[in-house]
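Participant: Would you mind keeping the following structure in view while I ask a few things?
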Number of protein chains: 2
Amino acid sequence: MATFYSKRDLHFQLFENQNCLELLQYPYFSDHSKETFALVLDAVAQIAEKSLYPIFKEMDRQEPQLENGIVKVHPEMRAIIRQFGADGWINAIFPYEEGGQQLPWTLHLSAGFILQAANYSASVFPFLTTGAANLIRTFGSYDLRDAYTPKMYTGEWQGTMALTEPDAGSSLSDLTTLAVPTSKEGVYSIRGQKIYISAGDHDACDNVIHLMLARIEGAPAGTKGISLFVVPKIRLDGTPNDVLTQGIYHKMGYKGAPIVHLMIGSESACEGYLVGEAHQGLKYMFQMMNEARLGIGMNATAIATAAYQTSLAYAKVRPQGRNISDKEPNRPQVPIIQHADVKRMLLFQKSISEGSLALLIFCGLLGDKLSQESELQKKAEMEALLDLLIPIAKSYPSEMGVQSTSMAIQVLGGAGYTTDFPVEQYYREARIHPIHEGTTGIHGLDLLGRKMLLHEGLGWKMLQKEFQSTLKEAKPLPELSEIALIFEKYAQEFASGTAQLLFKRNQGPEYYLADATLYLEGAGLLCMGWIWLKQAITAQKALDMGSKEQDFHLGKIETARYTVAYELVKLKGIVERFESTNYPTLTMKTDWF
Amino acid sequence: MATFYSKRDLHFQLFENQNCLELLQYPYFSDHSKETFALVLDAVAQIAEKSLYPIFKEMDRQEPQLENGIVKVHPEMRAIIRQFGADGWINAIFPYEEGGQQLPWTLHLSAGFILQAANYSASVFPFLTTGAANLIRTFGSYDLRDAYTPKMYTGEWQGTMALTEPDAGSSLSDLTTLAVPTSKEGVYSIRGQKIYISAGDHDACDNVIHLMLARIEGAPAGTKGISLFVVPKIRLDGTPNDVLTQGIYHKMGYKGAPIVHLMIGSESACEGYLVGEAHQGLKYMFQMMNEARLGIGMNATAIATAAYQTSLAYAKVRPQGRNISDKEPNRPQVPIIQHADVKRMLLFQKSISEGSLALLIFCGLLGDKLSQESELQKKAEMEALLDLLIPIAKSYPSEMGVQSTSMAIQVLGGAGYTTDFPVEQYYREARIHPIHEGTTGIHGLDLLGRKMLLHEGLGWKMLQKEFQSTLKEAKPLPELSEIALIFEKYAQEFASGTAQLLFKRNQGPEYYLADATLYLEGAGLLCMGWIWLKQAITAQKALDMGSKEQDFHLGKIETARYTVAYELVKLKGIVERFESTNYPTLTMKTDWF
C-alpha cells in the first residue's frame, strides 16, 4: 500500500464530503459514472506506485545535467511520459472529437494529487504538456492545433509555458522578447531569452513546444503589447528552430524536473507562430492561469500529504519517552504519537493537507460546473467565487505546505534531518510553491487589490453565502455547534476587519494594499475553518447514520475542532493588525535597513 | 566587506544597547578593555572572511565521506582548527592558569556569531571542543584535565558530547550504554552505541575525545543512574580504544560537519574514564547545557543574519515592478526594496535576527555576571532569570530562523530557490536548530513545566521586573510611547494568559502542559517586544544626543515598531488559545488519524 497519500481521504473528498457525481447531470460529463471515476484514480495510483514513487529519491540524487547541448533527465522518464500519453492522460479533459475523454477537471486535479504525492518532479512533465496544448486548442487556429497537439497528446512532444525573462519575473509586463513579422502570415521571427522554463528541454521527448510570450515589434509597452506564440524546438519539417538551451538551473529541491534558460533566435533563425490575435497573449495566458494556479495549490497539498503520511507512520511505531503522568523509568517507552505535542504536530499537518485538498476539490467542482453553466447570472456568481478563491487555494497550501513539511521533519527529530527518510526531500520540494505561478505577495495583491473589488465584491458576497449555508447545516448538530460558533465568531471578526481595510482605500492604494499578504493569510485560515466545518458535518452525518468507519469520521471532527482551536485563533492577531494605524512597511526607508 | 553579518549591529548590541564593558568591574575580566574586545572580534572576523566563508559552499557540495574507516572532511579544516588553537580561541574563556584568556562568555558567543554566519559547519568544530574541555576541567580530576585538555586547546584533538543513542534521543534517561568497572580505579569498560555525534570522527584532528554518558553496571534506571566518562578514540599510549565509526549521516544541510554513528567497545576493549562522581553525569551535562543551548540559539541567529544580509543586498539592486501608485510601464522598474511587501519581508528578518542577537547577548552578559556574583540573593535572582530565558533564547531563534531564512528565499524569488545564491543553503542549514540540543517541544515542557514553577516563579518575576524597567525608560520618550504602550498591553495580556494556564494545573499535568510549545512561542514573541523596545530606547537616546548615524538608529526604532505591530499581534491568538476549554491534542485518539 502507498504511504504517500490516503485513498480513503481522497474518496471522502470526492464522493462523500463533496459530490463529484453532481457533474454527471451535465451532458458533457454524462458518459461517466462513479465507477469510471474510481477506475481513473486507481489506474493513476498504479502508475504512481509502480513507476513514479520508486524513482522519487533517485530523481533527486541524480539531477538532470546539460551535456553537449542535451538535457539528460532520468532514463525512465521517456517511458513514463509515453505511458501517460498511451493511457490518454494528457488530453483526458478535452472533448471526444479531439481524442479526449471529457473527464472533469476535478478528476484530473485529483489524479494529479496522487502523482504529485508520489513524485512531484516526475509528475510535472505531462501536466505542463496538457496546459500548453490547452492554450493551442483554445486560442490557436485549427492548423496549429492539428499540427502540434496530436504528438503532445501521445507524450512524444513536451509542452511548456515560456513566460519569465531575466528582467521580467513578477513584473511580466516588462518582458522584451521580440517578435518581428515575416513575409509569411502568422509567422514571426522571435528573439530573446527565457529563464526558469520547466521541462524546457530534455531527452525524454522528441520535441519541445513552447507557448511563449513575446512582444511584436512596435507593440505598446506594458501588458497590452504582449502576444502568444507557438515556438517549437524543432520545426515540423524536422529542422532545428534556433532555440538554444543556455543552461540548466540547479535547485534546492524539485530536482528531477529540468528548469532551463533558453536563448531564442540568437542566430536570427527562430520562427514563432502567433496564437489567436496579436496583443492578446497575456489575456490568453491568464485564462489558463486559474488551472495552473490551482494546480500549484494541489502540488503543494500533495507534497504536504506525503510528508504527513510519512511522519504519521513514524510516530505510530517510534517509542520515545513516557506519558506525562506516569514517568516510571522501568516501564517501556510509548510510541511518540501518544504525546500531546506530537499529536499537535500531526493534527497541524492533517488540518493543512486534508483541508487544502477539500478546498481545491471545491474549486475544481466549481470550475467544472462553471464550464457547463448556461444561466448568465449563475455563471457570473460562480466565476466571481472561483476568481476570489484562486489566490487563496494557490497560496494557503503553498505557504502552509512549507510549514507542514517542516513539522513532518520535527516529528521525526534528528532522523527527519537526515537523507535516510524522505521528509527532508519533501521539505526542499515544498519550498518552490510560494514562488512559482505568482509569488504569495503577488497573490495577496490579486486578492485584495483585484478580486475583492471585482463586480462590486460579488465573489466575497458569494463566499459569505457559502459560509452561511455551512453554518446553517452545522448549528443544529449538537456535536458540532461549538465548532460552528467559533467559526462564526472568527468569520464575523474577519468580515469587520475586511470592512476596516476597505475604508483604508481612501488613504490611497499604498495603505490599502500594505497588508495584502497578511489579508491573504487570513482569508486562507478562514477558508480552512469553513472547509473543515463542512467536513465535520459530513462526518457527523455519517456517524448519525451508523458509520462503519467511526475512527475515520471521528478523526475528521476532532481535526475540525483542532482547526478552529489552534489555527483560526491566528485570525485574532491578523484582524488586530488591520485596525492598526502603524505602517512601518511604508515608513521604513531603504537606507534605514 | 563581509556580507554575512553586520559589524555595526554587533557593536551596537555589545557596546551601545547593552554594555559588555560593565563586566570589567569584575576582577576576573578586569584586564580586558573595549579595545581588547574589539580586537578579538576583528581577529575572528578575519578568519571568518578569509578562511571560513570562502569554503562555505564547497563544504556543502563535497560533504564528508567515510572511506576505509576514515571520515574525510574538507582538507582545509585541519589548518583552520589549528589556527583556532594557535590563536587561543578554543580555551579563551578559561582562566589564565589553564592557559586561557579569561574572556567573557558574551564575547565568545559574539565571536561565534561571526564564525557561524560565515560558515556554520566549519564553526562547530572548535566550539564542540571548548564544551567538552569545559566538562573535563570543571568536573574531572586534575589528572584527566592535564592529560586531555592541552591538546584539545591546541586543536590537535577534537572534543565531542556523546549523548544520543538509538533508543534514547529526547528521552535521554533511557540510554543503555554500559560502563563496567575494571580493576583500575576510575577506569571502566564501555560498551554501547552513540548516534548523531557531531564531529564524532574526522581526519582534521589526530584524536577525538568523547564526553560520553553511560550507565554503570547496576546503576538505577532513569536519569539518576547516568555517569559521565572521557572516552578517547585513541588512548594516551597511542593504541586504539575500540571506538568504531559505524557510519556517517547524510543530512539536508549543515553538511560540512560530520555527524557519525559510533560503536563503542564492540571488541570489549574500550576504556572510559569516570568524570567526577558516579551517577552525576546528567547533572554535569546539564550544567553545561545552558552554554550549549544559548550556543544553538546563536547558531540559528547567525544563519538567519547571513540570509537576511544576502536578501537585503539583493533587494537593493534587483529592479522589478513599479511603485503601486505609479505604474506607467515606460518608466524604469524600481529596486524591489521599494515595495511595501518586500520591506515587510526584510523587516521580518531584521526583527528576528537582530532581536535574537540582542536577547542572546543579554543572556550572555547575565551568565557572565552570574559567574562572578557573590551576593547570594542576587545570584539566585540572576540564575532564575537566566534559567527561564534559556529555552526561549534557544527556541525563538531556532524556530524563527527557519521562517526567516525562508523569507530570505522569498525575497529572491525563483533565484533564491536555485543554488546560484546561498539563501537555499542557509534555509537547509537553519532547519537543524529546532531539533538539536533539545527539540522545541522539549523546551516548551522545560519552560512551562519546570522553569516557570522553580523557586515559586522567581524567574518569571524577574522577567516582569525587566519589562517594567524598560517600560519606565521608554514611556517618557515621546517618539516611543506608542510602541511602549502596545508592548505593555501585550505583556499584560500574556501575564493574564499565564495565570489562566497556571490555574489549569489543577486539571492535571496533561492539560497544563498540552500547549507548552505554544506558550514557548508566546514567551519568545514577548521577549522580542521587550528587547526591541530596549533597542529603540538606545537608538532614540542616540538620536537625541545628535547621532551621526541617523539612518541606523531610525531603522532600529522602525523595526521596533514593526515588531510590536506585526509580530506581537500574534500573541492575541496565543492568549486566546490559553483560555480555551477545547483540548483536541488530548482528545484525538491515535486510531483517528
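For the C-alpha cells, the naming scheme is as follows: chains receive sequential letters (A, B, ...) according to their order of presentation, residues are indexed from 1 within each chain, and ligands are indexed from 1 in presentation order.
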Give me the residues near Lys224 (chain B) as a PDB file with N, CA and C atoms, in the first residue's frame, where near means some atom within 10 Å (using only C-alpha atoms) and where sequence neighbours in that chain fewer than 6 positions away do not count.
Facilitator:
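Output file result.pdb is given in full below:
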```
ATOM      1  N   SER B 173      17.012   9.634  29.502  1.00  0.00           N
ATOM      2  CA  SER B 173      17.075   8.756  30.667  1.00  0.00           C
ATOM      3  C   SER B 173      17.053   7.283  30.267  1.00  0.00           C
ATOM      4  N   ARG B 215      25.847   4.206  31.625  1.00  0.00           N
ATOM      5  CA  ARG B 215      25.245   3.740  32.876  1.00  0.00           C
ATOM      6  C   ARG B 215      26.181   2.702  33.493  1.00  0.00           C
ATOM      7  N   ALA B 278      30.245   9.064  40.319  1.00  0.00           N
ATOM      8  CA  ALA B 278      29.326   8.173  39.604  1.00  0.00           C
ATOM      9  C   ALA B 278      27.899   8.708  39.721  1.00  0.00           C
ATOM     10  N   HIS B 279      27.090   8.417  38.711  1.00  0.00           N
ATOM     11  CA  HIS B 279      25.647   8.748  38.707  1.00  0.00           C
ATOM     12  C   HIS B 279      25.339  10.243  38.661  1.00  0.00           C
ATOM     13  N   GLN B 280      26.344  11.055  38.460  1.00  0.00           N
ATOM     14  CA  GLN B 280      26.105  12.510  38.411  1.00  0.00           C
ATOM     15  C   GLN B 280      26.205  13.035  36.973  1.00  0.00           C
ATOM     16  N   GLY B 281      26.277  12.120  36.028  1.00  0.00           N
ATOM     17  CA  GLY B 281      26.581  12.508  34.647  1.00  0.00           C
ATOM     18  C   GLY B 281      25.587  13.477  34.038  1.00  0.00           C
ATOM     19  N   LEU B 282      24.307  13.196  34.240  1.00  0.00           N
ATOM     20  CA  LEU B 282      23.311  14.050  33.592  1.00  0.00           C
ATOM     21  C   LEU B 282      23.333  15.449  34.213  1.00  0.00           C
ATOM     22  N   LYS B 283      23.535  15.468  35.531  1.00  0.00           N
ATOM     23  CA  LYS B 283      23.627  16.759  36.214  1.00  0.00           C
ATOM     24  C   LYS B 283      24.803  17.576  35.668  1.00  0.00           C
TER      25      LYS B 283
END
```
Participant: Can you tell me which residues surround region 531-541 of chain B at a distance of at most 7 Å, considering only C-alpha atoms, apart from same-chain residues fewer than 3 positions away, and format the answer as a compact mmCIF listing (two decimals) with C-alpha atoms, in the first residue's frame?
Facilitator:
```
# COMPACT_ATOMS: atom_id res chain seq x y z
CA ASN B 17 22.37 48.80 23.51
CA GLY B 355 16.24 40.80 18.08
CA ALA B 358 20.11 41.24 21.37
CA LEU B 359 18.39 38.61 23.52
CA THR B 470 12.35 49.01 30.19
CA ALA B 474 10.59 54.15 27.23
CA ALA B 484 5.84 51.09 24.71
CA CYS B 527 10.77 38.83 24.75
CA MET B 528 11.20 40.17 21.23
CA ASP B 544 18.51 62.85 20.97
CA MET B 545 22.24 63.21 21.51
CA HIS B 553 19.18 54.46 14.66
CA LYS B 556 16.14 50.39 14.88
CA ILE B 557 13.09 52.37 16.00
CA ALA B 560 10.76 48.02 16.94
```
Participant: Give me the residues near region 299-316 of chain B as a PyMOL selection string, where near means some atom within 8 Å (using only C-alpha atoms) and where sequence neighbours in that chain fewer than 4 positions away do not count.
Facilitator: (chain A and resi 590+593) or (chain B and resi 3-6+112-114+116-118+120+295+335-337+342+346+349-350+352-354+356-357+397-398+401-402+404-405+408-409+411-412+422-423+426+429-430+433)
Participant: Can you pull out every residue within 12 Å of Ser198 (chain A), counting only C-alpha atoms, but drop anything in the same chain fewer than 4 positions away, and send it as a VMD selection string?
Facilitator: (chain A and resid 121 to 129 132 158 to 164 194 202 208 to 211 248 to 249 251 254 to 262 436 to 437) or (chain B and resid 414)
Participant: Write out, as an mmCIF file, in the first residue's frame, the residues just selected, with N, CA and C atoms.
Facilitator:
```
data_model
loop_
_atom_site.group_PDB
_atom_site.id
_atom_site.type_symbol
_atom_site.label_atom_id
_atom_site.label_comp_id
_atom_site.auth_asym_id
_atom_site.auth_seq_id
_atom_site.Cartn_x
_atom_site.Cartn_y
_atom_site.Cartn_z
ATOM 1 N N SER A 121 8.530 15.806 -9.095
ATOM 2 C CA SER A 121 9.294 16.147 -10.303
ATOM 3 C C SER A 121 8.781 15.382 -11.517
ATOM 4 N N ALA A 122 8.562 14.076 -11.338
ATOM 5 C CA ALA A 122 8.130 13.257 -12.477
ATOM 6 C C ALA A 122 6.733 13.657 -12.941
ATOM 7 N N SER A 123 5.918 14.128 -11.994
ATOM 8 C CA SER A 123 4.518 14.409 -12.331
ATOM 9 C C SER A 123 4.343 15.627 -13.225
ATOM 10 N N VAL A 124 5.317 16.540 -13.197
ATOM 11 C CA VAL A 124 5.057 17.814 -13.871
ATOM 12 C C VAL A 124 5.104 17.733 -15.398
ATOM 13 N N PHE A 125 5.863 16.788 -15.938
ATOM 14 C CA PHE A 125 6.026 16.730 -17.402
ATOM 15 C C PHE A 125 4.677 16.676 -18.136
ATOM 16 N N PRO A 126 3.811 15.672 -17.858
ATOM 17 C CA PRO A 126 2.554 15.608 -18.622
ATOM 18 C C PRO A 126 1.619 16.780 -18.341
ATOM 19 N N PHE A 127 1.630 17.290 -17.114
ATOM 20 C CA PHE A 127 0.715 18.393 -16.794
ATOM 21 C C PHE A 127 1.079 19.662 -17.551
ATOM 22 N N LEU A 128 2.378 19.881 -17.710
ATOM 23 C CA LEU A 128 2.805 21.047 -18.489
ATOM 24 C C LEU A 128 2.352 20.911 -19.936
ATOM 25 N N THR A 129 2.432 19.701 -20.449
ATOM 26 C CA THR A 129 2.011 19.478 -21.833
ATOM 27 C C THR A 129 0.504 19.716 -21.984
ATOM 28 N N ALA A 132 -0.085 23.489 -22.027
ATOM 29 C CA ALA A 132 0.359 24.120 -23.275
ATOM 30 C C ALA A 132 -0.596 23.767 -24.419
ATOM 31 N N GLN A 158 6.937 17.461 -25.724
ATOM 32 C CA GLN A 158 6.726 18.150 -24.455
ATOM 33 C C GLN A 158 6.144 19.537 -24.714
ATOM 34 N N GLY A 159 5.206 19.969 -23.885
ATOM 35 C CA GLY A 159 4.719 21.345 -23.947
ATOM 36 C C GLY A 159 5.254 22.155 -22.780
ATOM 37 N N THR A 160 5.462 23.467 -22.977
ATOM 38 C CA THR A 160 5.903 24.328 -21.865
ATOM 39 C C THR A 160 5.168 25.669 -21.910
ATOM 40 N N MET A 161 5.265 26.380 -20.812
ATOM 41 C CA MET A 161 4.811 27.771 -20.728
ATOM 42 C C MET A 161 6.063 28.611 -20.571
ATOM 43 N N ALA A 162 6.345 29.465 -21.556
ATOM 44 C CA ALA A 162 7.593 30.231 -21.520
ATOM 45 C C ALA A 162 7.276 31.708 -21.296
ATOM 46 N N LEU A 163 7.269 32.096 -20.020
ATOM 47 C CA LEU A 163 6.885 33.463 -19.666
ATOM 48 C C LEU A 163 8.071 34.283 -19.181
ATOM 49 N N THR A 164 8.738 33.779 -18.145
ATOM 50 C CA THR A 164 9.714 34.574 -17.395
ATOM 51 C C THR A 164 10.957 34.920 -18.212
ATOM 52 N N LYS A 194 14.510 33.373 -22.294
ATOM 53 C CA LYS A 194 13.519 32.959 -21.303
ATOM 54 C C LYS A 194 14.243 32.177 -20.208
ATOM 55 N N HIS A 202 14.624 18.557 -22.738
ATOM 56 C CA HIS A 202 15.086 17.290 -22.160
ATOM 57 C C HIS A 202 15.015 16.178 -23.196
ATOM 58 N N VAL A 208 10.113 19.905 -28.185
ATOM 59 C CA VAL A 208 9.533 20.712 -27.112
ATOM 60 C C VAL A 208 8.768 21.862 -27.753
ATOM 61 N N ILE A 209 7.489 22.008 -27.363
ATOM 62 C CA ILE A 209 6.646 23.049 -27.940
ATOM 63 C C ILE A 209 6.424 24.118 -26.872
ATOM 64 N N HIS A 210 7.073 25.278 -27.091
ATOM 65 C CA HIS A 210 6.963 26.361 -26.113
ATOM 66 C C HIS A 210 5.763 27.235 -26.431
ATOM 67 N N LEU A 211 4.937 27.492 -25.440
ATOM 68 C CA LEU A 211 3.899 28.518 -25.568
ATOM 69 C C LEU A 211 4.500 29.771 -24.966
ATOM 70 N N ILE A 248 21.123 25.062 -17.346
ATOM 71 C CA ILE A 248 20.112 24.383 -16.549
ATOM 72 C C ILE A 248 20.269 24.895 -15.118
ATOM 73 N N TYR A 249 19.163 25.092 -14.430
ATOM 74 C CA TYR A 249 19.246 25.596 -13.057
ATOM 75 C C TYR A 249 19.397 24.442 -12.085
ATOM 76 N N LYS A 251 18.734 23.396 -8.356
ATOM 77 C CA LYS A 251 17.768 23.907 -7.387
ATOM 78 C C LYS A 251 17.883 23.164 -6.063
ATOM 79 N N TYR A 254 12.916 19.615 -6.017
ATOM 80 C CA TYR A 254 12.213 19.559 -7.293
ATOM 81 C C TYR A 254 13.261 19.373 -8.379
ATOM 82 N N LYS A 255 14.272 18.556 -8.031
ATOM 83 C CA LYS A 255 15.465 18.493 -8.867
ATOM 84 C C LYS A 255 15.278 17.649 -10.111
ATOM 85 N N GLY A 256 14.326 16.716 -10.044
ATOM 86 C CA GLY A 256 14.166 15.793 -11.164
ATOM 87 C C GLY A 256 13.625 16.452 -12.418
ATOM 88 N N ALA A 257 12.968 17.584 -12.256
ATOM 89 C CA ALA A 257 12.420 18.296 -13.413
ATOM 90 C C ALA A 257 13.442 19.339 -13.868
ATOM 91 N N PRO A 258 13.811 19.299 -15.144
ATOM 92 C CA PRO A 258 14.820 20.252 -15.614
ATOM 93 C C PRO A 258 14.204 21.643 -15.817
ATOM 94 N N ILE A 259 14.805 22.637 -15.229
ATOM 95 C CA ILE A 259 14.355 24.021 -15.405
ATOM 96 C C ILE A 259 15.484 24.713 -16.153
ATOM 97 N N VAL A 260 15.162 25.287 -17.296
ATOM 98 C CA VAL A 260 16.255 25.732 -18.161
ATOM 99 C C VAL A 260 16.181 27.211 -18.532
ATOM 100 N N HIS A 261 17.297 27.656 -19.019
ATOM 101 C CA HIS A 261 17.479 29.011 -19.520
ATOM 102 C C HIS A 261 17.599 28.884 -21.044
ATOM 103 N N LEU A 262 16.708 29.543 -21.787
ATOM 104 C CA LEU A 262 16.694 29.405 -23.242
ATOM 105 C C LEU A 262 17.136 30.691 -23.931
ATOM 106 N N HIS A 436 6.475 29.928 -7.462
ATOM 107 C CA HIS A 436 6.099 29.875 -8.882
ATOM 108 C C HIS A 436 4.603 30.049 -9.133
ATOM 109 N N GLU A 437 4.281 30.371 -10.378
ATOM 110 C CA GLU A 437 2.924 30.799 -10.767
ATOM 111 C C GLU A 437 2.446 31.988 -9.926
ATOM 112 N N GLY B 414 12.442 33.130 -7.564
ATOM 113 C CA GLY B 414 12.982 31.938 -8.211
ATOM 114 C C GLY B 414 14.487 31.807 -8.037
#
```
Participant: Point out the residue among B:Gly444, B:Phe494, B:Glu558, B:Leu366 with the least atom-to-atom distance to Glu479 (chain B), counting only C-alpha atoms.
Facilitator: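 Result for the nearest residue to Glu479 (chain B): B:Glu558.
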Participant: Find the residues of chain A in contact range of chain B, meaning any atom within 6 Å when counting only C-alpha atoms, and list them as a list in words.
Facilitator: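 Here is what falls inside 6 Å: Ser171, Gly222, His250, Lys251, Met252, Gly321, Pro329, Ala340, Lys343, Arg344, Gly413, Tyr417, Thr418, Thr419, Ile435, Ala514, Asp551, Phe552, Gly555, Tyr562, Val569, Lys570, Lys572, Gly573, Pro584, Thr585, Leu586, Trp592 and Phe593 of chain A.
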Participant: Can those selected residues be exported to a file as an mmCIF file, in the first residue's frame so that it contains N, CA and C atoms?
Facilitator:
```
data_model
loop_
_atom_site.group_PDB
_atom_site.id
_atom_site.type_symbol
_atom_site.label_atom_id
_atom_site.label_comp_id
_atom_site.auth_asym_id
_atom_site.auth_seq_id
_atom_site.Cartn_x
_atom_site.Cartn_y
_atom_site.Cartn_z
ATOM 1 N N SER A 171 7.085 41.012 -12.632
ATOM 2 C CA SER A 171 6.606 42.083 -13.495
ATOM 3 C C SER A 171 6.628 41.624 -14.948
ATOM 4 N N GLY A 222 4.084 47.588 -21.708
ATOM 5 C CA GLY A 222 3.187 47.074 -20.671
ATOM 6 C C GLY A 222 2.437 45.832 -21.103
ATOM 7 N N HIS A 250 20.301 24.610 -11.145
ATOM 8 C CA HIS A 250 20.381 23.634 -10.056
ATOM 9 C C HIS A 250 19.616 24.218 -8.884
ATOM 10 N N LYS A 251 18.734 23.396 -8.356
ATOM 11 C CA LYS A 251 17.768 23.907 -7.387
ATOM 12 C C LYS A 251 17.883 23.164 -6.063
ATOM 13 N N MET A 252 17.253 23.732 -5.040
ATOM 14 C CA MET A 252 17.264 23.108 -3.717
ATOM 15 C C MET A 252 16.481 21.809 -3.717
ATOM 16 N N GLY A 321 10.118 8.157 25.295
ATOM 17 C CA GLY A 321 9.501 8.819 26.432
ATOM 18 C C GLY A 321 8.292 8.072 26.968
ATOM 19 N N PRO A 329 10.544 5.013 35.095
ATOM 20 C CA PRO A 329 11.525 4.681 34.056
ATOM 21 C C PRO A 329 11.649 3.188 33.764
ATOM 22 N N ALA A 340 0.982 14.568 23.628
ATOM 23 C CA ALA A 340 0.104 15.648 23.160
ATOM 24 C C ALA A 340 0.798 16.524 22.124
ATOM 25 N N LYS A 343 0.869 14.807 18.814
ATOM 26 C CA LYS A 343 -0.480 14.864 18.223
ATOM 27 C C LYS A 343 -0.746 16.241 17.629
ATOM 28 N N ARG A 344 -0.298 17.265 18.338
ATOM 29 C CA ARG A 344 -0.452 18.622 17.805
ATOM 30 C C ARG A 344 0.259 18.755 16.463
ATOM 31 N N GLY A 413 12.325 14.248 14.291
ATOM 32 C CA GLY A 413 13.504 14.712 15.026
ATOM 33 C C GLY A 413 14.762 14.597 14.177
ATOM 34 N N TYR A 417 16.038 14.983 9.723
ATOM 35 C CA TYR A 417 17.006 15.888 9.094
ATOM 36 C C TYR A 417 17.987 15.124 8.200
ATOM 37 N N THR A 418 17.998 13.794 8.343
ATOM 38 C CA THR A 418 18.908 13.001 7.519
ATOM 39 C C THR A 418 18.222 12.588 6.222
ATOM 40 N N THR A 419 19.048 12.181 5.270
ATOM 41 C CA THR A 419 18.502 11.739 3.986
ATOM 42 C C THR A 419 18.030 10.287 4.046
ATOM 43 N N ILE A 435 6.613 30.435 -4.580
ATOM 44 C CA ILE A 435 7.310 31.268 -5.575
ATOM 45 C C ILE A 435 6.688 31.154 -6.963
ATOM 46 N N ALA A 514 -0.895 47.582 1.765
ATOM 47 C CA ALA A 514 0.339 47.302 2.520
ATOM 48 C C ALA A 514 0.287 45.931 3.190
ATOM 49 N N ASP A 551 -13.694 5.570 13.404
ATOM 50 C CA ASP A 551 -12.399 6.213 13.650
ATOM 51 C C ASP A 551 -12.146 7.319 12.627
ATOM 52 N N PHE A 552 -12.370 6.970 11.369
ATOM 53 C CA PHE A 552 -12.124 7.952 10.302
ATOM 54 C C PHE A 552 -12.987 9.194 10.506
ATOM 55 N N GLY A 555 -12.131 11.242 13.593
ATOM 56 C CA GLY A 555 -10.886 11.976 13.340
ATOM 57 C C GLY A 555 -11.138 13.268 12.570
ATOM 58 N N TYR A 562 -9.598 20.955 16.157
ATOM 59 C CA TYR A 562 -8.230 21.473 16.199
ATOM 60 C C TYR A 562 -8.099 22.730 15.335
ATOM 61 N N VAL A 569 -7.475 30.770 15.641
ATOM 62 C CA VAL A 569 -7.094 31.790 16.639
ATOM 63 C C VAL A 569 -6.085 32.777 16.067
ATOM 64 N N LYS A 570 -5.348 32.344 15.053
ATOM 65 C CA LYS A 570 -4.348 33.239 14.458
ATOM 66 C C LYS A 570 -5.007 34.457 13.793
ATOM 67 N N LYS A 572 -7.107 36.348 15.145
ATOM 68 C CA LYS A 572 -7.180 37.434 16.130
ATOM 69 C C LYS A 572 -6.122 38.505 15.856
ATOM 70 N N GLY A 573 -4.908 38.062 15.705
ATOM 71 C CA GLY A 573 -3.808 38.998 15.504
ATOM 72 C C GLY A 573 -3.884 39.667 14.138
ATOM 73 N N PRO A 584 4.746 50.552 9.438
ATOM 74 C CA PRO A 584 6.211 50.514 9.302
ATOM 75 C C PRO A 584 6.682 50.032 7.934
ATOM 76 N N THR A 585 5.886 49.224 7.230
ATOM 77 C CA THR A 585 6.358 48.762 5.918
ATOM 78 C C THR A 585 6.294 49.886 4.890
ATOM 79 N N LEU A 586 5.568 50.962 5.226
ATOM 80 C CA LEU A 586 5.584 52.132 4.343
ATOM 81 C C LEU A 586 6.569 53.187 4.829
ATOM 82 N N TRP A 592 17.459 52.874 5.920
ATOM 83 C CA TRP A 592 17.423 52.551 7.359
ATOM 84 C C TRP A 592 17.698 51.075 7.635
ATOM 85 N N PHE A 593 17.676 50.240 6.593
ATOM 86 C CA PHE A 593 17.933 48.806 6.822
ATOM 87 C C PHE A 593 19.406 48.589 7.157
#
```
Participant: Set the distance at 12 Å and use only C-alpha atoms: which residues neighbour Lys233 (chain A) once local chain neighbours fewer than 3 positions away are removed? I'd like the list as a PyMOL selection string.
Facilitator: chain A and resi 148+157-160+200-202+205-212+230+236-245+262-265+269-272
Participant: Any idea what the distance is between CA of Leu135 (chain B) and CA of Trp89 (chain B)?
Facilitator: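 Result for CA of Leu135 (chain B) versus CA of Trp89 (chain B): 16.9 Å, one decimal.
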Participant: Find the spatial neighbours of region 56-58 of chain B, counting only C-alpha atoms, within a cut-off of 7 Å - ignore same-chain residues fewer than 4 positions away - and output them as a PDB file with C-alpha atoms, in the first residue's frame.
Facilitator:
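See out.pdb below for the written result:
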```
ATOM      1  CA  LEU B  52      35.595  30.105   6.559  1.00  0.00           C
ATOM      2  CA  GLN B  62      31.567  17.989  -1.022  1.00  0.00           C
ATOM      3  CA  ASN B 119      30.241  29.016   7.680  1.00  0.00           C
TER       4      ASN B 119
END
```
Participant: Work out how far apart CA of Gly218 (chain A) and CA of Met285 (chain A) are and give it in Å to one decimal.
Facilitator: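 Computed distance, CA of Gly218 (chain A) to CA of Met285 (chain A), equals 20.9 Å.
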